[in-house]
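Colleague: Sharing a structure below in structure tokens format, with a few things to ask.
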There are 2 protein chains.
Amino acid sequence: MTMEQHITDMAGKAKHACRNLAVASTAVKNQVLGDVARLLNENKRQVQGENAKDLAAGREKGLSAAMMDRLELSDKVFNSMIGGVEEVMALPDPVGRISDMSRRPNGITVGRMRIPLGVVAMIYESRPNVTIDAAVLCLKAGNGVILRGGSEAINSNIALADILQQALAKNNINPDSVQVVDTTDRTAIEYLLQQEDSIDLIIPRGGEGLIRFVAQNSRIPVLKHYKGVCHIYVDKDADLKKATPIIMNSKTQRPGVCNALEGLLIHRQIANAYLPEIAAQFDRASVTMVGCPEAVSICPQVEPATEQDWGTEWLALKLCVKVVGSLDEARAYIETYGSKHTETIITENYSTAQEFLASIDASAVMVNASTRFNDGGQLGLGAEIGISTTKLHSYGPMGLEELTTRKFIIYGSGQVRD
Amino acid sequence: MTMEQHITDMAGKAKHACRNLAVASTAVKNQVLGDVARLLNENKRQVQGENAKDLAAGREKGLSAAMMDRLELSDKVFNSMIGGVEEVMALPDPVGRISDMSRRPNGITVGRMRIPLGVVAMIYESRPNVTIDAAVLCLKAGNGVILRGGSEAINSNIALADILQQALAKNNINPDSVQVVDTTDRTAIEYLLQQEDSIDLIIPRGGEGLIRFVAQNSRIPVLKHYKGVCHIYVDKDADLKKATPIIMNSKTQRPGVCNALEGLLIHRQIANAYLPEIAAQFDRASVTMVGCPEAVSICPQVEPATEQDWGTEWLALKLCVKVVGSLDEARAYIETYGSKHTETIITENYSTAQEFLASIDASAVMVNASTRFNDGGQLGLGAEIGISTTKLHSYGPMGLEELTTRKFIIYGSGQVRD
């Protein structure tokens, strides 16, 4: 079989298999998830044995310490993976939920029923725990799923897929509903992106290069974010006692993630007083700053920013600082350099807060809160499969509901159209 | 300027212009629509003069009578266009609507606010009235819009765009928010489909060839339906007094549209009695039938169907007839030959009705009602910009709400993440 045939075959099987899954009851789906958790527990040593092969190959290939860390299915990662499955079990099932029921003048009753999307393909890098996280979310929402993890995690992923399929089979759900692409050949991705007759959604997670490749080559809808260039705007009417902990939490709590702070905008009226104060905090936390000439002149720790520094996703203890004269100027900066991920204002002014919330275009817009809250768990969705900065279908963290769609249902009693 | 520069320039201008429109109040947007209606009235003769040029060119090119009919902006079409604008004015504005507000344990309040998508590009054929219908829906939802109509309607479309831009300018909204592609060069479409930095959604309307071309070449999300192959399944427990008017209405009320009936499935237990009855009705309405061997043997008017007849979108007074033994068999047929558009069951059996509603995958699933109800106006959305059989973002008729998305808004009081 050629690679193209192999991938087309996988996608077709997933499409066929997920028809049963789409109408499975919540009880059955939860039983599958319960069995996944149990089997993970029972087969931990065996899966870790497969993971050890990946780790050995990684060492040989000279993977970075960070990549090796992400690749390892340590006891801690294993337990958090099992905990994640149990969390998804506890979430309400969106499938079958009916909303917007109304009676039309001719007597037909119209409503909208939540249904699974169909087949979701996840394309991701290194972390093998994503295999379980993503699969159980897709399954709970009634979707088939095709998983294409990083080539460096291939043995771990095949072992985890085996557990997922065992749990499905045990509950009389076609195990083809979950499949892992069992080859490290990169052309597999290209063929996956062409299966528009079988796959309904592509979710890429990983570096910007991978995501751009997927977006440019897919014939199937893609939900993605390239990067998170998040800002905090400290308004002239800010309560600075709130500003400092929010800024420090946003920048330093976990600097390597997409909802971390990358740019700080400060209103001119408070810049002279506040910039040295926050700079001292940054110094203490080993955060370095690059900024506009005005920021540099106020604060000697700020290095002059080059044009390409603006809008950079640092993912490190570094950020851009800019002094602005108004909310309009802050908004123009965010429109130019932001990534539609997360934008926060610090202000006590009611009207300024409302204007910021209404007019800033980002997946999450906040007042007086850390950018780190843009996360499915923190915003109340339960687990998340990713964050979308695409506006179609879903904007922001995607949970179970975002893995479904709605069809119209019509209850008639013989009506015809005039 | 090259064509690529010209289109890139248009898209960039639309993106820039629609920022103001996105935050315009409902009152201002309704004033724009009111001015569109008024200007259409005042400039009717002049627009019809431009339309006459298109009609003359169409006659010279030998367009079919049906195409010439669609091209003409008669007094009747003009009035219905103006009526359509007034209808959209009266619809509630989805932008700014906040839903799902909840307080998280740490005290942040999370909600979701409806916002415009950004810039929508419509690619359509012949009918120039779509220019007004689509533009006012996009504008009311706060979106910029780029319209690329059929080359045969170019003069009409430019005249209509001029009216739209006048109405915008009069209300201090940047007129670049609405632009008509002022060239009949088809490469313009290809460049439009590559403006992923400026355009957020593509909606193609027209023949299957155009729509497939758009879907295959777009880097931007596309909402579309290729065709409507709609079925009615007459269950063994059907009330046949309801079945006949519903079937006749679905097939004959307007056979050339996407929600017309194309295939009739009849349960074996009632086929001997009912098929001759409905066939007599079809005869009277000049509807011809092709069917399975069983249907042919029951009813001499049914011609044997070839394999390629199944799943055909006839768009004419013709349909397929098939005898089936169960709901499962009907469902399998619909999965194979349907187009996920509209599927109806005729039954008095409660459990069969519920199972059909839950398990059939189509944008609208109905019990005891005409397939012709799958339409934004009929289902209560007000005007519609199209019907989607794509599951992402919107499935079924798309009204104002489907031209928006939701962002997360977070009201904090100094919270940081643990």
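Just so we're on the same page: first chain in the structure tokens is A, next is B, and so on; residues restart at 1 for each chain, and ligands are numbered from 1 in the order they show up.
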Quick one: everything within 7 Å of range 33-37 of chain A, counting only C-alpha atoms, minus sequence neighbours fewer than 5 positions away in the same chain. Send it as a list in words.

Modeller: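 Answer for this query is Ile82, Val85, Met89, Val136, Ile163, Leu164 and Ala167 of chain A.
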
Colleague: Residues of chain B within 7 Å of chain A, counting only C-alpha atoms, what are they? List them as a PyMOL selection string.

Modeller: chain B and resi 23+110+117+216+219+221+242+246+249+357+359+362-370+372-373+379+391-393+395-396+405-417

Colleague: Take the selection from the previous step and output its residues with N, CA and C atoms, as a short mmCIF file (atom, residue, chain, number, x, y, z; two decimals), in the first residue's frame.

Modeller:
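Saved the output as result.cif:
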data_model
loop_
_atom_site.label_atom_id
_atom_site.label_comp_id
_atom_site.auth_asym_id
_atom_site.auth_seq_id
_atom_site.Cartn_x
_atom_site.Cartn_y
_atom_site.Cartn_z
N VAL B 23 -17.50 48.47 15.61
CA VAL B 23 -17.96 49.04 16.88
C VAL B 23 -19.08 50.06 16.68
N VAL B 110 -16.62 35.54 33.88
CA VAL B 110 -16.28 35.19 32.51
C VAL B 110 -17.56 35.18 31.68
N LEU B 117 -17.19 39.00 12.40
CA LEU B 117 -16.10 38.14 11.95
C LEU B 117 -14.94 38.95 11.41
N GLN B 216 -11.37 24.32 -3.20
CA GLN B 216 -10.06 23.71 -3.43
C GLN B 216 -8.92 24.71 -3.45
N ARG B 219 -7.33 29.57 0.97
CA ARG B 219 -6.58 29.44 2.21
C ARG B 219 -7.41 29.97 3.37
N PRO B 221 -11.19 30.14 5.50
CA PRO B 221 -12.35 29.26 5.73
C PRO B 221 -13.48 29.55 4.75
N LYS B 242 -50.94 13.03 5.77
CA LYS B 242 -49.92 14.07 5.90
C LYS B 242 -48.84 13.89 4.82
N ILE B 246 -47.09 16.83 1.95
CA ILE B 246 -45.69 17.18 2.27
C ILE B 246 -44.78 16.79 1.09
N ASN B 249 -45.51 19.13 -1.92
CA ASN B 249 -44.97 20.47 -1.67
C ASN B 249 -43.45 20.47 -1.80
N LEU B 357 -34.55 12.00 14.25
CA LEU B 357 -34.03 13.33 14.60
C LEU B 357 -32.63 13.25 15.19
N SER B 359 -30.36 10.72 14.92
CA SER B 359 -29.28 9.98 14.27
C SER B 359 -28.99 10.38 12.83
N ALA B 362 -27.65 15.76 9.03
CA ALA B 362 -27.94 16.73 7.97
C ALA B 362 -28.15 18.08 8.63
N SER B 363 -28.03 19.15 7.85
CA SER B 363 -28.12 20.48 8.44
C SER B 363 -29.51 20.74 9.01
N ALA B 364 -30.55 20.12 8.43
CA ALA B 364 -31.89 20.20 9.00
C ALA B 364 -32.56 18.84 8.90
N VAL B 365 -33.05 18.34 10.03
CA VAL B 365 -33.71 17.04 10.09
C VAL B 365 -35.13 17.28 10.60
N MET B 366 -36.11 16.76 9.86
CA MET B 366 -37.49 17.15 10.12
C MET B 366 -38.41 15.94 10.30
N VAL B 367 -39.48 16.15 11.06
CA VAL B 367 -40.55 15.17 11.17
C VAL B 367 -41.83 15.81 10.64
N ASN B 368 -42.49 15.13 9.73
CA ASN B 368 -43.80 15.57 9.24
C ASN B 368 -43.84 17.04 8.80
N ALA B 369 -42.84 17.43 8.02
CA ALA B 369 -42.83 18.81 7.49
C ALA B 369 -42.09 18.82 6.16
N SER B 370 -42.42 19.78 5.34
CA SER B 370 -41.85 19.88 3.99
C SER B 370 -40.35 20.22 4.04
N ARG B 372 -38.95 22.00 2.13
CA ARG B 372 -38.83 23.41 1.72
C ARG B 372 -38.68 24.37 2.90
N PHE B 373 -38.86 23.86 4.12
CA PHE B 373 -38.69 24.73 5.29
C PHE B 373 -37.22 24.98 5.64
N LEU B 379 -37.12 29.23 9.17
CA LEU B 379 -36.69 28.66 10.46
C LEU B 379 -36.50 29.74 11.53
N LYS B 391 -19.73 21.51 8.54
CA LYS B 391 -20.12 21.45 9.94
C LYS B 391 -19.44 22.49 10.81
N LEU B 392 -18.33 22.99 10.36
CA LEU B 392 -17.60 23.95 11.18
C LEU B 392 -18.30 25.30 11.16
N HIS B 393 -18.40 25.94 12.32
CA HIS B 393 -18.94 27.28 12.51
C HIS B 393 -20.46 27.32 12.37
N TYR B 395 -24.01 25.18 10.53
CA TYR B 395 -24.54 24.02 9.80
C TYR B 395 -26.00 24.35 9.55
N GLY B 396 -26.38 24.55 8.29
CA GLY B 396 -27.75 24.95 7.97
C GLY B 396 -27.80 26.40 7.51
N THR B 405 -18.92 35.95 15.61
CA THR B 405 -18.28 34.93 16.44
C THR B 405 -18.33 35.44 17.88
N ARG B 406 -17.77 34.69 18.83
CA ARG B 406 -17.78 35.13 20.22
C ARG B 406 -16.36 35.18 20.77
N LYS B 407 -16.05 36.28 21.46
CA LYS B 407 -14.78 36.32 22.19
C LYS B 407 -15.08 36.17 23.67
N PHE B 408 -14.09 35.75 24.44
CA PHE B 408 -14.24 35.68 25.89
C PHE B 408 -13.98 37.07 26.47
N ILE B 409 -14.81 37.48 27.43
CA ILE B 409 -14.53 38.70 28.18
C ILE B 409 -14.41 38.32 29.64
N ILE B 410 -13.45 38.94 30.32
CA ILE B 410 -13.17 38.60 31.72
C ILE B 410 -13.14 39.87 32.55
N TYR B 411 -14.03 39.93 33.54
CA TYR B 411 -14.04 41.04 34.50
C TYR B 411 -13.31 40.57 35.76
N GLY B 412 -12.15 41.13 36.02
CA GLY B 412 -11.40 40.75 37.22
C GLY B 412 -11.36 41.89 38.21
N SER B 413 -10.76 41.61 39.37
CA SER B 413 -10.55 42.67 40.35
C SER B 413 -9.17 42.47 40.97
N GLY B 414 -8.21 42.11 40.11
CA GLY B 414 -6.84 41.95 40.58
C GLY B 414 -6.37 40.52 40.67
N GLN B 415 -7.18 39.57 40.17
CA GLN B 415 -6.81 38.15 40.30
C GLN B 415 -5.55 37.78 39.51
N VAL B 416 -4.76 36.88 40.09
CA VAL B 416 -3.62 36.28 39.39
C VAL B 416 -3.77 34.77 39.49
N ARG B 417 -3.00 34.06 38.67
CA ARG B 417 -3.14 32.60 38.63
C ARG B 417 -2.19 31.95 39.62
#

Colleague: Any chance you could list, as a PyMOL selection string, the residues in range 59-272 of chain A that come up alpha helix (DSSP H) when DSSP is run on the backbone?

Modeller: chain A and resi 59-61+65-71+75-90+129-140+154-170+187-192+208-217+240-252+268-272

Colleague: Which residue out of B:Gly149, B:Gly263, B:Gly207, B:Gly107 has the minimum interatomic distance to Arg186 in chain B when only C-alpha atoms are used?

Modeller: B:Gly149

Colleague: In Å, how far is it from CA of Ile132 in chain A to CA of Leu210 in chain A?

Modeller: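 Answer for the CA of Ile132 in chain A to CA of Leu210 in chain A separation: 20.6 Å.
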
Colleague: Apply DSSP to the structure's backbone, then extract all residues of range 132-287 of chain B labelled strand (DSSP E) and return them as a ChimeraX atom specification.

Modeller: /B:144-148,178-180,201-205,230-234,261-267

Colleague: Have a look at B:Asp375, B:Asp133, B:Asp328, B:Asp93 and name the one nearest to Ser388 in chain B; count only C-alpha atoms.

Modeller: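 Going through B:Asp375, B:Asp133, B:Asp328, B:Asp93 one by one, the smallest distance to Ser388 in chain B is for B:Asp375.
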
Colleague: Please compute the CA of Glu401 in chain B-CA of Ser99 in chain B distance, one decimal, in Å.

Modeller: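 Taking CA of Glu401 in chain B as the start and CA of Ser99 in chain B as the end point, the length is 13.0 Å.
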
Colleague: Could you give me, as a list of chain:residue names, the residues within 10 Å of Ala285 in chain A, counting only C-alpha atoms and dropping anything in the same chain fewer than 4 positions from it?

Modeller: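 Residues near the query, excluding close chain neighbours: A:Met248, A:Lys251, A:Thr252, A:Ala279, A:Ala280, A:Gln281, A:Leu317.
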
Colleague: Can you tell me, as a PyMOL selection string, what residues are no more than 12 Å from Val88 in chain B when counting only C-alpha atoms, ignoring any on the same chain fewer than 2 positions away?

Modeller: chain B and resi 26+29-34+36-37+81-86+90-94+132-141+377+381-385+399-400

Colleague: With N, CA and C atoms kept, could you save the residues just selected as a short mmCIF file (atom, residue, chain, number, x, y, z; two decimals), in the first residue's frame?

Modeller:
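Okay, again31.cif is ready:
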data_model
loop_
_atom_site.label_atom_id
_atom_site.label_comp_id
_atom_site.auth_asym_id
_atom_site.auth_seq_id
_atom_site.Cartn_x
_atom_site.Cartn_y
_atom_site.Cartn_z
N THR B 26 -25.97 49.92 16.78
CA THR B 26 -27.08 49.38 15.98
C THR B 26 -27.82 50.52 15.28
N LYS B 29 -25.90 51.58 12.21
CA LYS B 29 -25.97 50.56 11.15
C LYS B 29 -27.36 50.55 10.51
N ASN B 30 -28.40 50.71 11.32
CA ASN B 30 -29.76 50.75 10.76
C ASN B 30 -29.98 52.00 9.91
N GLN B 31 -29.33 53.11 10.29
CA GLN B 31 -29.43 54.32 9.48
C GLN B 31 -28.79 54.08 8.11
N VAL B 32 -27.66 53.40 8.10
CA VAL B 32 -27.01 53.06 6.82
C VAL B 32 -27.98 52.25 5.97
N LEU B 33 -28.61 51.25 6.57
CA LEU B 33 -29.53 50.38 5.81
C LEU B 33 -30.74 51.19 5.31
N GLY B 34 -31.23 52.09 6.16
CA GLY B 34 -32.34 52.93 5.75
C GLY B 34 -31.95 53.77 4.53
N VAL B 36 -29.66 52.98 2.34
CA VAL B 36 -29.54 52.08 1.19
C VAL B 36 -30.92 51.90 0.55
N ALA B 37 -31.94 51.67 1.37
CA ALA B 37 -33.29 51.47 0.84
C ALA B 37 -33.77 52.73 0.10
N MET B 81 -35.89 43.64 -3.37
CA MET B 81 -34.56 43.97 -2.85
C MET B 81 -34.70 45.03 -1.75
N ILE B 82 -35.51 46.04 -2.00
CA ILE B 82 -35.73 47.11 -1.01
C ILE B 82 -36.43 46.53 0.22
N GLY B 83 -37.42 45.66 -0.01
CA GLY B 83 -38.11 45.01 1.10
C GLY B 83 -37.13 44.20 1.95
N GLY B 84 -36.18 43.56 1.28
CA GLY B 84 -35.17 42.76 1.99
C GLY B 84 -34.32 43.62 2.90
N VAL B 85 -33.94 44.80 2.42
CA VAL B 85 -33.13 45.71 3.24
C VAL B 85 -33.91 46.11 4.48
N GLU B 86 -35.20 46.40 4.29
CA GLU B 86 -36.02 46.82 5.43
C GLU B 86 -36.20 45.68 6.45
N ALA B 90 -34.97 45.49 10.55
CA ALA B 90 -35.85 45.13 11.66
C ALA B 90 -35.30 43.98 12.51
N LEU B 91 -34.30 43.28 12.02
CA LEU B 91 -33.77 42.13 12.78
C LEU B 91 -32.92 42.61 13.95
N PRO B 92 -32.92 41.85 15.06
CA PRO B 92 -32.07 42.24 16.19
C PRO B 92 -30.58 42.12 15.82
N ASP B 93 -29.79 43.04 16.34
CA ASP B 93 -28.35 43.09 16.06
C ASP B 93 -27.63 42.11 16.99
N PRO B 94 -26.94 41.11 16.48
CA PRO B 94 -26.28 40.15 17.38
C PRO B 94 -25.02 40.72 18.04
N ILE B 132 -26.98 43.35 -3.03
CA ILE B 132 -27.62 44.10 -1.94
C ILE B 132 -27.95 43.18 -0.76
N ASP B 133 -28.55 42.03 -1.04
CA ASP B 133 -28.94 41.10 0.04
C ASP B 133 -27.75 40.77 0.93
N ALA B 134 -26.64 40.35 0.31
CA ALA B 134 -25.46 39.91 1.06
C ALA B 134 -24.81 41.09 1.76
N ALA B 135 -24.71 42.22 1.07
CA ALA B 135 -24.02 43.37 1.66
C ALA B 135 -24.73 43.85 2.92
N VAL B 136 -26.06 43.96 2.88
CA VAL B 136 -26.74 44.50 4.07
C VAL B 136 -26.67 43.53 5.25
N LEU B 137 -26.70 42.23 4.98
CA LEU B 137 -26.54 41.27 6.09
C LEU B 137 -25.15 41.42 6.70
N CYS B 138 -24.12 41.47 5.86
CA CYS B 138 -22.76 41.61 6.39
C CYS B 138 -22.61 42.91 7.17
N LEU B 139 -23.14 44.01 6.64
CA LEU B 139 -23.01 45.31 7.30
C LEU B 139 -23.72 45.31 8.65
N LYS B 140 -24.94 44.77 8.68
CA LYS B 140 -25.69 44.78 9.94
C LYS B 140 -24.93 43.96 11.01
N ALA B 141 -24.23 42.91 10.58
CA ALA B 141 -23.44 42.12 11.54
C ALA B 141 -22.07 42.75 11.79
N GLY B 377 -35.44 32.27 6.59
CA GLY B 377 -36.69 32.95 6.92
C GLY B 377 -37.68 32.01 7.58
N LEU B 381 -34.60 32.70 11.36
CA LEU B 381 -33.36 33.48 11.44
C LEU B 381 -33.52 34.85 10.81
N GLY B 382 -34.65 35.10 10.18
CA GLY B 382 -34.76 36.30 9.35
C GLY B 382 -34.11 35.99 8.02
N ALA B 383 -33.47 36.99 7.43
CA ALA B 383 -32.83 36.77 6.12
C ALA B 383 -31.65 35.81 6.28
N GLU B 384 -31.27 35.17 5.19
CA GLU B 384 -30.12 34.27 5.24
C GLU B 384 -29.12 34.66 4.17
N ILE B 385 -27.85 34.37 4.44
CA ILE B 385 -26.81 34.66 3.45
C ILE B 385 -26.44 33.40 2.69
N GLY B 399 -27.79 33.13 9.20
CA GLY B 399 -28.36 34.46 9.32
C GLY B 399 -27.35 35.42 9.92
N LEU B 400 -27.84 36.46 10.55
CA LEU B 400 -26.95 37.47 11.14
C LEU B 400 -26.02 36.87 12.18
#

Colleague: One decimal, Å: what's the distance from CA of Ile199 in chain A over to CA of Ala11 in chain A, could you say?

Modeller: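 Straight-line distance from CA of Ile199 in chain A to CA of Ala11 in chain A works out to 6.6 Å.
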
Colleague: Give me the residues within 10 Å of range 64-79 of chain A as a ChimeraX atom specification, counting only C-alpha atoms and dropping any in the same chain fewer than 6 places off.

Modeller: /A:37,40-41,44-45,47-52,54-56,58,85,125-129,150,152-153,156
